Every structure is written in structure tokens, then in C-alpha cells.
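S.K.: Got a structure here, written out as C-alpha cells. Questions coming.
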Amino acid sequence: MKALQSIRIDPDNAILVIVDVENELCKPDGKLYSDVSARVAPRVISAIQELTERARNAGIPIIYIQSVRTLQETEFAVFGQEPILQIGTWASKIVDELEPQKGDIVVQKFCRDSFFNTDLEQWLRRLVPDPTSYYAVVTGGDVGVCLYHAVMGFHLRDYWTIVPVDCVYYLSEARNQRALEQFSDPPYPNVFLSRSDLIEASKSAELPRSWPKPGT
């Protein structure tokens, strides 16, 4: 896998993205909570919380991707998946530890893709003048499903896409390993791995304004 990168983020070169930290997935009463979740989710939530506080204090935009469902979606009505994440219920609520604050952006999605039929692109156009000079720091989960699609979405849109490995949760060890290995593949030259303690958040840029190269 790719080596973990040290980076510095600030309001002019980064956004922080938090994907799918809903109760259904991350809390013991959730349908998708598991023995793996019990071991992984608490420490991941804590790591995201700490990184989010540092980013927010530095003035870095924070975007929450909230997964919700009407229960009429094709995945249930046609493909027979068990209904989850019903909109307006405890299940689809973002966990209390990471509750969005004033000024944060919340984008609701009705499938596993953060970009499909959402207003994420509109927000990004307002915030990011040039994706090739920006980090998208992507946290949350599940690393092999919804977070994977988010990472690929930012990759395809030419962001320097950063995955802090301690800030992503997963429902199986094999899925986590598979996703991190894929992020490390040569076809994804703008996807990097990091860790929350290797990410420094500041209020002003000290790096060259061309692009914030990981590892500098």
C-alpha cells in the first residue's frame, strides 16, 4: 500500500468530507452494527471528531454526506435489500459526537453515491475554484462501499484525495484491506493515504499556491 503522507490543510487548499456516520451504521442499536463495528466505530468516531475540531477551528469547510432513504428506492423495491436509514428517524441521524455545527454543510444522498442526484457538486463549485489545487480529506465509511464511492468521485473530479486510515470505519477486515489496496493502485495517482495525526490544520497557507503536494 501507499505510504502514509503528512499534509498541511488550510481554508485555501482543503475541504473535509465526513461520509455516512449515521446511527444505523455506527451505534449498537443500528441494524448494520456488528462485532467489527463495536471494535472499530468508537475509535474512528473519536479520530474524526478530533480532526473535525481542528479543521473547524482553522476555518476549513466541512461537508457531511448523510445517507437517508425513503424506503421506496430501487435497492429495496426491486433488489430486495433490507430497508435501512429511513429519513427522519434515529437510524439516519448523524451520531451525536459528530453533530454538524453552524456553518457546516450537510448533503443528503439516497443511494451509495455521494454525487448522484445530490447538491454536492453545487457546493463544491462554490467552495473550490480549482480541484487540482485542493485536498479533499475523506473520512467516515463504510470504506469499501459509500466511502469508496466518495473517494472515487473526488478522484475522478481531479482533487488530491486524502484518506486518513484511522478516520474510516468498515464492516469487515477484508473489505478494509481491499479498499486501501485499491486506493494505492497506480490508476489512482491523486489518491493518498494519511492518518489524522499526520494532518496539520492551519488558518493560513504556508505552502506554494500551485498545488499542495502530499509529503511536502
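By convention in this document, the chains of the C-alpha cells carry letters A, B, ... by their order, each chain's residues are numbered from 1, and ligands are numbered from 1 in the order they are shown.
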From the DSSP assignment of the backbone, select every residue of region 98-178 of chain A that is helix (DSSP H, G or I), and format the answer as an MDAnalysis selection string.
M.R.: chainID A and resid 98 120:127 131:133 146:156 165:167 173:178
S.K.: Determine which residues of region 4-193 of chain A receive a DSSP assignment of strand (DSSP E), computed from the backbone, and state them as an MDAnalysis selection string.
M.R.: chainID A and resid 7:9 14:19 62:67 105:109 135:140 160:164 191:193
S.K.: Just N, CA and C atoms for this one: save the residues we selected as a CSV table (one decimal), in the first residue's frame.
M.R.:
```csv
chain,number,residue,atom,x,y,z
A,7,ILE,N,0.5,16.0,5.7
A,7,ILE,CA,0.0,17.1,4.9
A,7,ILE,C,-0.4,18.3,5.8
A,8,ARG,N,-0.5,19.5,5.2
A,8,ARG,CA,-1.0,20.6,5.9
A,8,ARG,C,-2.2,21.2,5.2
A,9,ILE,N,-3.3,21.3,5.9
A,9,ILE,CA,-4.5,21.8,5.2
A,9,ILE,C,-4.9,23.2,5.8
A,14,ALA,N,-8.2,23.1,1.1
A,14,ALA,CA,-8.8,21.8,1.6
A,14,ALA,C,-10.2,21.9,1.9
A,15,ILE,N,-10.9,20.8,1.8
A,15,ILE,CA,-12.2,20.6,2.4
A,15,ILE,C,-12.1,19.3,3.2
A,16,LEU,N,-12.9,19.2,4.2
A,16,LEU,CA,-13.0,17.9,5.0
A,16,LEU,C,-14.4,17.3,4.7
A,17,VAL,N,-14.4,16.1,4.3
A,17,VAL,CA,-15.7,15.4,4.0
A,17,VAL,C,-15.9,14.3,5.0
A,18,ILE,N,-17.1,14.2,5.5
A,18,ILE,CA,-17.5,13.2,6.5
A,18,ILE,C,-18.6,12.4,5.9
A,19,VAL,N,-18.4,11.1,5.6
A,19,VAL,CA,-19.3,10.3,4.9
A,19,VAL,C,-20.0,9.3,5.9
A,62,ILE,N,-16.4,22.1,6.1
A,62,ILE,CA,-16.7,20.7,6.5
A,62,ILE,C,-18.0,20.3,5.8
A,63,ILE,N,-18.0,19.2,5.1
A,63,ILE,CA,-19.1,18.7,4.3
A,63,ILE,C,-19.5,17.4,4.9
A,64,TYR,N,-20.7,17.2,5.4
A,64,TYR,CA,-21.2,16.0,5.8
A,64,TYR,C,-22.1,15.3,4.7
A,65,ILE,N,-21.8,14.1,4.4
A,65,ILE,CA,-22.6,13.3,3.5
A,65,ILE,C,-23.5,12.4,4.3
A,66,GLN,N,-24.8,12.7,4.3
A,66,GLN,CA,-25.8,12.0,5.2
A,66,GLN,C,-26.6,11.0,4.3
A,67,SER,N,-26.5,9.7,4.6
A,67,SER,CA,-27.2,8.7,3.8
A,67,SER,C,-28.6,8.5,4.4
A,105,ILE,N,-21.8,22.1,6.1
A,105,ILE,CA,-22.7,21.7,5.0
A,105,ILE,C,-23.1,20.3,5.2
A,106,VAL,N,-24.4,20.0,5.0
A,106,VAL,CA,-25.0,18.7,5.1
A,106,VAL,C,-25.6,18.4,3.7
A,107,VAL,N,-25.1,17.3,3.1
A,107,VAL,CA,-25.6,16.9,1.8
A,107,VAL,C,-26.3,15.5,2.0
A,108,GLN,N,-27.6,15.4,1.7
A,108,GLN,CA,-28.3,14.2,1.8
A,108,GLN,C,-28.2,13.4,0.5
A,109,LYS,N,-27.9,12.1,0.6
A,109,LYS,CA,-27.9,11.2,-0.5
A,109,LYS,C,-28.9,10.1,-0.3
A,135,TYR,N,-7.0,19.7,-1.6
A,135,TYR,CA,-7.2,18.4,-0.9
A,135,TYR,C,-8.7,18.2,-0.7
A,136,ALA,N,-9.2,17.0,-0.9
A,136,ALA,CA,-10.5,16.5,-0.3
A,136,ALA,C,-10.1,15.4,0.7
A,137,VAL,N,-10.2,15.7,2.0
A,137,VAL,CA,-9.9,14.8,3.0
A,137,VAL,C,-11.2,14.0,3.3
A,138,VAL,N,-11.2,12.8,3.0
A,138,VAL,CA,-12.5,12.0,3.0
A,138,VAL,C,-12.4,11.0,4.2
A,139,THR,N,-13.4,11.1,5.1
A,139,THR,CA,-13.5,10.3,6.3
A,139,THR,C,-14.8,9.6,6.4
A,140,GLY,N,-15.0,8.7,7.3
A,140,GLY,CA,-16.3,8.0,7.5
A,140,GLY,C,-16.3,6.6,7.0
A,160,TRP,N,-6.9,16.3,-5.1
A,160,TRP,CA,-6.0,15.5,-4.3
A,160,TRP,C,-6.7,14.8,-3.2
A,161,THR,N,-7.0,13.6,-3.3
A,161,THR,CA,-8.0,12.9,-2.4
A,161,THR,C,-7.2,12.2,-1.3
A,162,ILE,N,-7.5,12.5,-0.1
A,162,ILE,CA,-6.7,12.0,1.1
A,162,ILE,C,-7.7,11.1,1.9
A,163,VAL,N,-7.2,9.9,2.2
A,163,VAL,CA,-8.0,9.0,3.1
A,163,VAL,C,-7.2,8.8,4.4
A,164,PRO,N,-7.5,9.4,5.5
A,164,PRO,CA,-6.9,9.2,6.8
A,164,PRO,C,-7.3,7.8,7.3
A,191,VAL,N,-4.9,9.9,-5.3
A,191,VAL,CA,-5.5,9.3,-4.1
A,191,VAL,C,-4.3,8.9,-3.2
A,192,PHE,N,-4.4,9.4,-1.9
A,192,PHE,CA,-3.3,9.2,-1.0
A,192,PHE,C,-3.8,8.7,0.3
A,193,LEU,N,-3.0,8.0,1.1
A,193,LEU,CA,-3.4,7.6,2.4
A,193,LEU,C,-2.6,8.5,3.4
```
S.K.: For Leu124 (chain A), which of A:Met152, A:Tyr159, A:Arg112, A:Tyr188 is the closest residue, counting only C-alpha atoms?
M.R.: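 Selected residue with least distance to Leu124 (chain A): A:Tyr159.
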S.K.: Tell me which of A:Ser172, A:Asn13, A:Gln72, A:Thr52 sits closest to Cys111 (chain A), counting only C-alpha atoms.
M.R.: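 Using only C-alpha atoms, Cys111 (chain A) sits closest to A:Gln72.
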S.K.: Quick one: distance from CA of Val165 (chain A) to CA of Leu180 (chain A) in Å, one decimal?
M.R.: 8.3 Å
S.K.: I'd like the interatomic distance between CA of Glu173 (chain A) and CA of Asp20 (chain A), to a tenth of an Å.
M.R.: 18.3 Å
